[in-house]
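Student: Following this message is one structure expressed as structure tokens.
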Amino acid sequence: MLVISSREFRANIGKYLDLVSKGQDVILRSRHLGSFRLTPVVDDDGVMSEQAFYAKIDHSIKQAEEGKVFRQHEGESASDFVDRLLCIK
């Protein structure tokens, strides 16, 4: 793990982003703001705007109000329920 100051990071941003993209753990320390771990965004990460997030929530609420929901059957395990949902799509 590499621990660097915010000043060092600002002076060599490209260098540290390259290290992080290659799997190096980098901790950025700021005297005033605390410490931060630099982590690359991967395909599974969801990066969206606040507006897009709330639009998805509103869409889901509308689906629930219309009865477009999936319910777990009585006695069905959570694992079986998730497996059934994955087969629906």
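Residues are referred to by chain and number: the chain letter is A, B, ... according to the order shown in the structure tokens, the number counts from 1 in that chain, and ligands are numbered separately from 1 in the order shown.
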Pick out the residues sitting within 12 Å of Phe36 in chain A, and hand them over as a ChimeraX atom specification; count only C-alpha atoms, and ignore anything fewer than 5 positions along from it in its own chain.
Tutor: /A:2-6,9,25-31
Student: Would you please give, as a VMD selection string, all residues of range 56-87 of chain A that DSSP assigns to helix (DSSP H, G or I) based on the backbone?
Tutor: chain A and resid 56 to 65 78 to 87
Student: Can I get the selected residues back with all heavy atoms, as a short mmCIF file (atom, residue, chain, number, x, y, z; two decimals), in the first residue's frame?
Tutor:
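Just written: part-v2.cif:
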```cif
data_model
loop_
_atom_site.label_atom_id
_atom_site.label_comp_id
_atom_site.auth_asym_id
_atom_site.auth_seq_id
_atom_site.Cartn_x
_atom_site.Cartn_y
_atom_site.Cartn_z
N LYS A 56 -34.94 6.45 -12.07
CA LYS A 56 -35.08 5.00 -11.90
C LYS A 56 -35.98 4.69 -10.71
O LYS A 56 -36.81 3.78 -10.76
CB LYS A 56 -33.72 4.33 -11.73
CG LYS A 56 -32.94 4.21 -13.01
CD LYS A 56 -31.63 3.47 -12.77
CE LYS A 56 -30.91 3.23 -14.06
NZ LYS A 56 -31.39 2.05 -14.76
N ILE A 57 -35.82 5.43 -9.62
CA ILE A 57 -36.68 5.23 -8.45
C ILE A 57 -38.13 5.52 -8.80
O ILE A 57 -39.04 4.74 -8.47
CB ILE A 57 -36.22 6.14 -7.27
CG1 ILE A 57 -34.83 5.76 -6.80
CG2 ILE A 57 -37.23 6.10 -6.13
CD1 ILE A 57 -34.72 4.40 -6.15
N ASP A 58 -38.39 6.64 -9.48
CA ASP A 58 -39.75 6.99 -9.88
C ASP A 58 -40.36 5.92 -10.78
O ASP A 58 -41.53 5.56 -10.64
CB ASP A 58 -39.78 8.35 -10.58
CG ASP A 58 -39.48 9.51 -9.64
OD1 ASP A 58 -39.61 9.33 -8.40
OD2 ASP A 58 -39.11 10.59 -10.13
N HIS A 59 -39.56 5.39 -11.71
CA HIS A 59 -40.03 4.33 -12.61
C HIS A 59 -40.40 3.08 -11.81
O HIS A 59 -41.45 2.47 -12.06
CB HIS A 59 -38.96 4.01 -13.65
CG HIS A 59 -39.31 2.90 -14.57
ND1 HIS A 59 -40.26 3.02 -15.57
CD2 HIS A 59 -38.86 1.62 -14.64
CE1 HIS A 59 -40.38 1.88 -16.20
NE2 HIS A 59 -39.54 1.00 -15.66
N SER A 60 -39.59 2.73 -10.84
CA SER A 60 -39.86 1.55 -10.02
C SER A 60 -41.11 1.73 -9.17
O SER A 60 -41.90 0.79 -9.01
CB SER A 60 -38.66 1.24 -9.13
OG SER A 60 -37.55 0.90 -9.93
N ILE A 61 -41.32 2.92 -8.64
CA ILE A 61 -42.53 3.20 -7.85
C ILE A 61 -43.76 3.05 -8.74
O ILE A 61 -44.76 2.45 -8.33
CB ILE A 61 -42.45 4.60 -7.21
CG1 ILE A 61 -41.39 4.61 -6.10
CG2 ILE A 61 -43.81 5.03 -6.67
CD1 ILE A 61 -41.07 5.98 -5.55
N LYS A 62 -43.68 3.56 -9.96
CA LYS A 62 -44.80 3.45 -10.90
C LYS A 62 -45.10 1.98 -11.21
O LYS A 62 -46.26 1.58 -11.23
CB LYS A 62 -44.48 4.21 -12.20
CG LYS A 62 -45.60 4.20 -13.20
CD LYS A 62 -45.26 4.99 -14.44
CE LYS A 62 -46.37 4.88 -15.46
NZ LYS A 62 -46.02 5.51 -16.72
N GLN A 63 -44.05 1.17 -11.43
CA GLN A 63 -44.26 -0.25 -11.68
C GLN A 63 -44.94 -0.93 -10.49
O GLN A 63 -45.83 -1.75 -10.67
CB GLN A 63 -42.93 -0.94 -11.96
CG GLN A 63 -42.36 -0.65 -13.33
CD GLN A 63 -41.04 -1.37 -13.54
OE1 GLN A 63 -40.17 -1.35 -12.68
NE2 GLN A 63 -40.91 -2.01 -14.68
N ALA A 64 -44.53 -0.59 -9.28
CA ALA A 64 -45.13 -1.18 -8.09
C ALA A 64 -46.60 -0.78 -7.98
O ALA A 64 -47.45 -1.62 -7.66
CB ALA A 64 -44.36 -0.75 -6.85
N GLU A 65 -46.90 0.47 -8.25
CA GLU A 65 -48.29 0.94 -8.20
C GLU A 65 -49.16 0.24 -9.24
O GLU A 65 -50.34 0.02 -9.02
CB GLU A 65 -48.35 2.45 -8.41
CG GLU A 65 -47.78 3.24 -7.25
CD GLU A 65 -47.63 4.72 -7.52
OE1 GLU A 65 -47.72 5.15 -8.70
OE2 GLU A 65 -47.40 5.46 -6.55
N ALA A 78 -34.71 -17.54 -0.41
CA ALA A 78 -34.27 -16.31 -1.07
C ALA A 78 -33.41 -16.64 -2.29
O ALA A 78 -33.52 -16.00 -3.33
CB ALA A 78 -33.51 -15.42 -0.10
N SER A 79 -32.56 -17.65 -2.16
CA SER A 79 -31.70 -18.06 -3.26
C SER A 79 -32.52 -18.55 -4.45
O SER A 79 -32.25 -18.18 -5.60
CB SER A 79 -30.75 -19.15 -2.79
OG SER A 79 -29.93 -19.60 -3.85
N ASP A 80 -33.55 -19.36 -4.18
CA ASP A 80 -34.42 -19.85 -5.26
C ASP A 80 -35.19 -18.70 -5.90
O ASP A 80 -35.41 -18.68 -7.11
CB ASP A 80 -35.38 -20.92 -4.75
CG ASP A 80 -34.68 -22.23 -4.43
OD1 ASP A 80 -33.55 -22.43 -4.92
OD2 ASP A 80 -35.27 -23.05 -3.69
N PHE A 81 -35.62 -17.75 -5.09
CA PHE A 81 -36.34 -16.59 -5.60
C PHE A 81 -35.46 -15.79 -6.56
O PHE A 81 -35.88 -15.43 -7.66
CB PHE A 81 -36.81 -15.72 -4.43
CG PHE A 81 -37.49 -14.44 -4.83
CD1 PHE A 81 -38.66 -14.45 -5.57
CD2 PHE A 81 -36.96 -13.20 -4.48
CE1 PHE A 81 -39.30 -13.27 -5.94
CE2 PHE A 81 -37.57 -12.03 -4.84
CZ PHE A 81 -38.75 -12.06 -5.58
N VAL A 82 -34.22 -15.54 -6.16
CA VAL A 82 -33.30 -14.79 -7.02
C VAL A 82 -33.04 -15.58 -8.30
O VAL A 82 -33.04 -15.01 -9.40
CB VAL A 82 -31.99 -14.47 -6.28
CG1 VAL A 82 -30.94 -13.93 -7.22
CG2 VAL A 82 -32.25 -13.49 -5.14
N ASP A 83 -32.85 -16.89 -8.19
CA ASP A 83 -32.63 -17.72 -9.38
C ASP A 83 -33.82 -17.63 -10.32
O ASP A 83 -33.66 -17.54 -11.54
CB ASP A 83 -32.39 -19.18 -8.99
CG ASP A 83 -31.03 -19.41 -8.35
OD1 ASP A 83 -30.15 -18.52 -8.46
OD2 ASP A 83 -30.85 -20.47 -7.72
N ARG A 84 -35.02 -17.65 -9.77
CA ARG A 84 -36.24 -17.54 -10.60
C ARG A 84 -36.29 -16.19 -11.29
O ARG A 84 -36.63 -16.10 -12.47
CB ARG A 84 -37.47 -17.75 -9.71
CG ARG A 84 -38.79 -17.76 -10.50
CD ARG A 84 -39.94 -18.30 -9.68
NE ARG A 84 -40.12 -17.69 -8.38
CZ ARG A 84 -40.84 -16.58 -8.15
NH1 ARG A 84 -41.45 -15.96 -9.15
NH2 ARG A 84 -40.97 -16.12 -6.94
N LEU A 85 -35.92 -15.13 -10.59
CA LEU A 85 -35.93 -13.79 -11.20
C LEU A 85 -34.93 -13.70 -12.33
O LEU A 85 -35.19 -13.07 -13.36
CB LEU A 85 -35.62 -12.73 -10.16
CG LEU A 85 -36.69 -12.46 -9.11
CD1 LEU A 85 -36.20 -11.40 -8.13
CD2 LEU A 85 -37.98 -12.03 -9.75
N LEU A 86 -33.78 -14.31 -12.16
CA LEU A 86 -32.75 -14.26 -13.20
C LEU A 86 -33.19 -15.00 -14.44
O LEU A 86 -32.79 -14.65 -15.56
CB LEU A 86 -31.44 -14.82 -12.67
CG LEU A 86 -30.76 -13.98 -11.58
CD1 LEU A 86 -29.56 -14.70 -11.02
CD2 LEU A 86 -30.38 -12.62 -12.09
N CYS A 87 -34.02 -16.01 -14.30
CA CYS A 87 -34.51 -16.77 -15.45
C CYS A 87 -35.61 -16.03 -16.21
O CYS A 87 -35.84 -16.28 -17.39
CB CYS A 87 -35.06 -18.13 -15.00
SG CYS A 87 -33.76 -19.26 -14.46
#
```
Student: Distance CA of Ser21 in chain A-CA of Ala52 in chain A, one decimal place?
Tutor: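 Going from CA of Ser21 in chain A over to CA of Ala52 in chain A covers 27.0 Å.
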Student: Got a sec to tell me which of range 3-85 of chain A DSSP assigns to strand (DSSP E or B), as a list in words?
Tutor: Val3, Ile4, Ser5, Val26, Ile27, Leu28, Arg29, Ser30, Gly34, Ser35, Phe36, Arg37 and Leu38 of chain A
Student: Next, write the just-selected residues to a file, as an mmCIF file, in the first residue's frame, keeping C-alpha atoms as the atom set.
Tutor:
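Writing done, so here's again.cif:
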```
data_model
loop_
_atom_site.group_PDB
_atom_site.id
_atom_site.type_symbol
_atom_site.label_atom_id
_atom_site.label_comp_id
_atom_site.auth_asym_id
_atom_site.auth_seq_id
_atom_site.Cartn_x
_atom_site.Cartn_y
_atom_site.Cartn_z
ATOM 1 C CA VAL A 3 0.375 6.441 1.179
ATOM 2 C CA ILE A 4 0.834 9.853 -0.403
ATOM 3 C CA SER A 5 0.027 13.469 0.464
ATOM 4 C CA VAL A 26 -3.010 4.102 -2.992
ATOM 5 C CA ILE A 27 -4.143 6.089 0.039
ATOM 6 C CA LEU A 28 -4.329 9.850 -0.334
ATOM 7 C CA ARG A 29 -3.866 11.775 2.919
ATOM 8 C CA SER A 30 -5.088 15.304 3.374
ATOM 9 C CA GLY A 34 -8.714 13.044 6.114
ATOM 10 C CA SER A 35 -7.679 10.007 4.071
ATOM 11 C CA PHE A 36 -9.077 8.557 0.858
ATOM 12 C CA ARG A 37 -8.499 5.276 -0.963
ATOM 13 C CA LEU A 38 -8.107 5.577 -4.726
#
```
Student: Give the answer as one residue: which of A:Asp18, A:Glu74, A:Glu8, A:Glu66 has the shortest atom-to-atom distance to Pro40 in chain A, using only C-alpha atoms?
Tutor: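 Going through A:Asp18, A:Glu74, A:Glu8, A:Glu66 one by one, the smallest distance to Pro40 in chain A is for A:Asp18.
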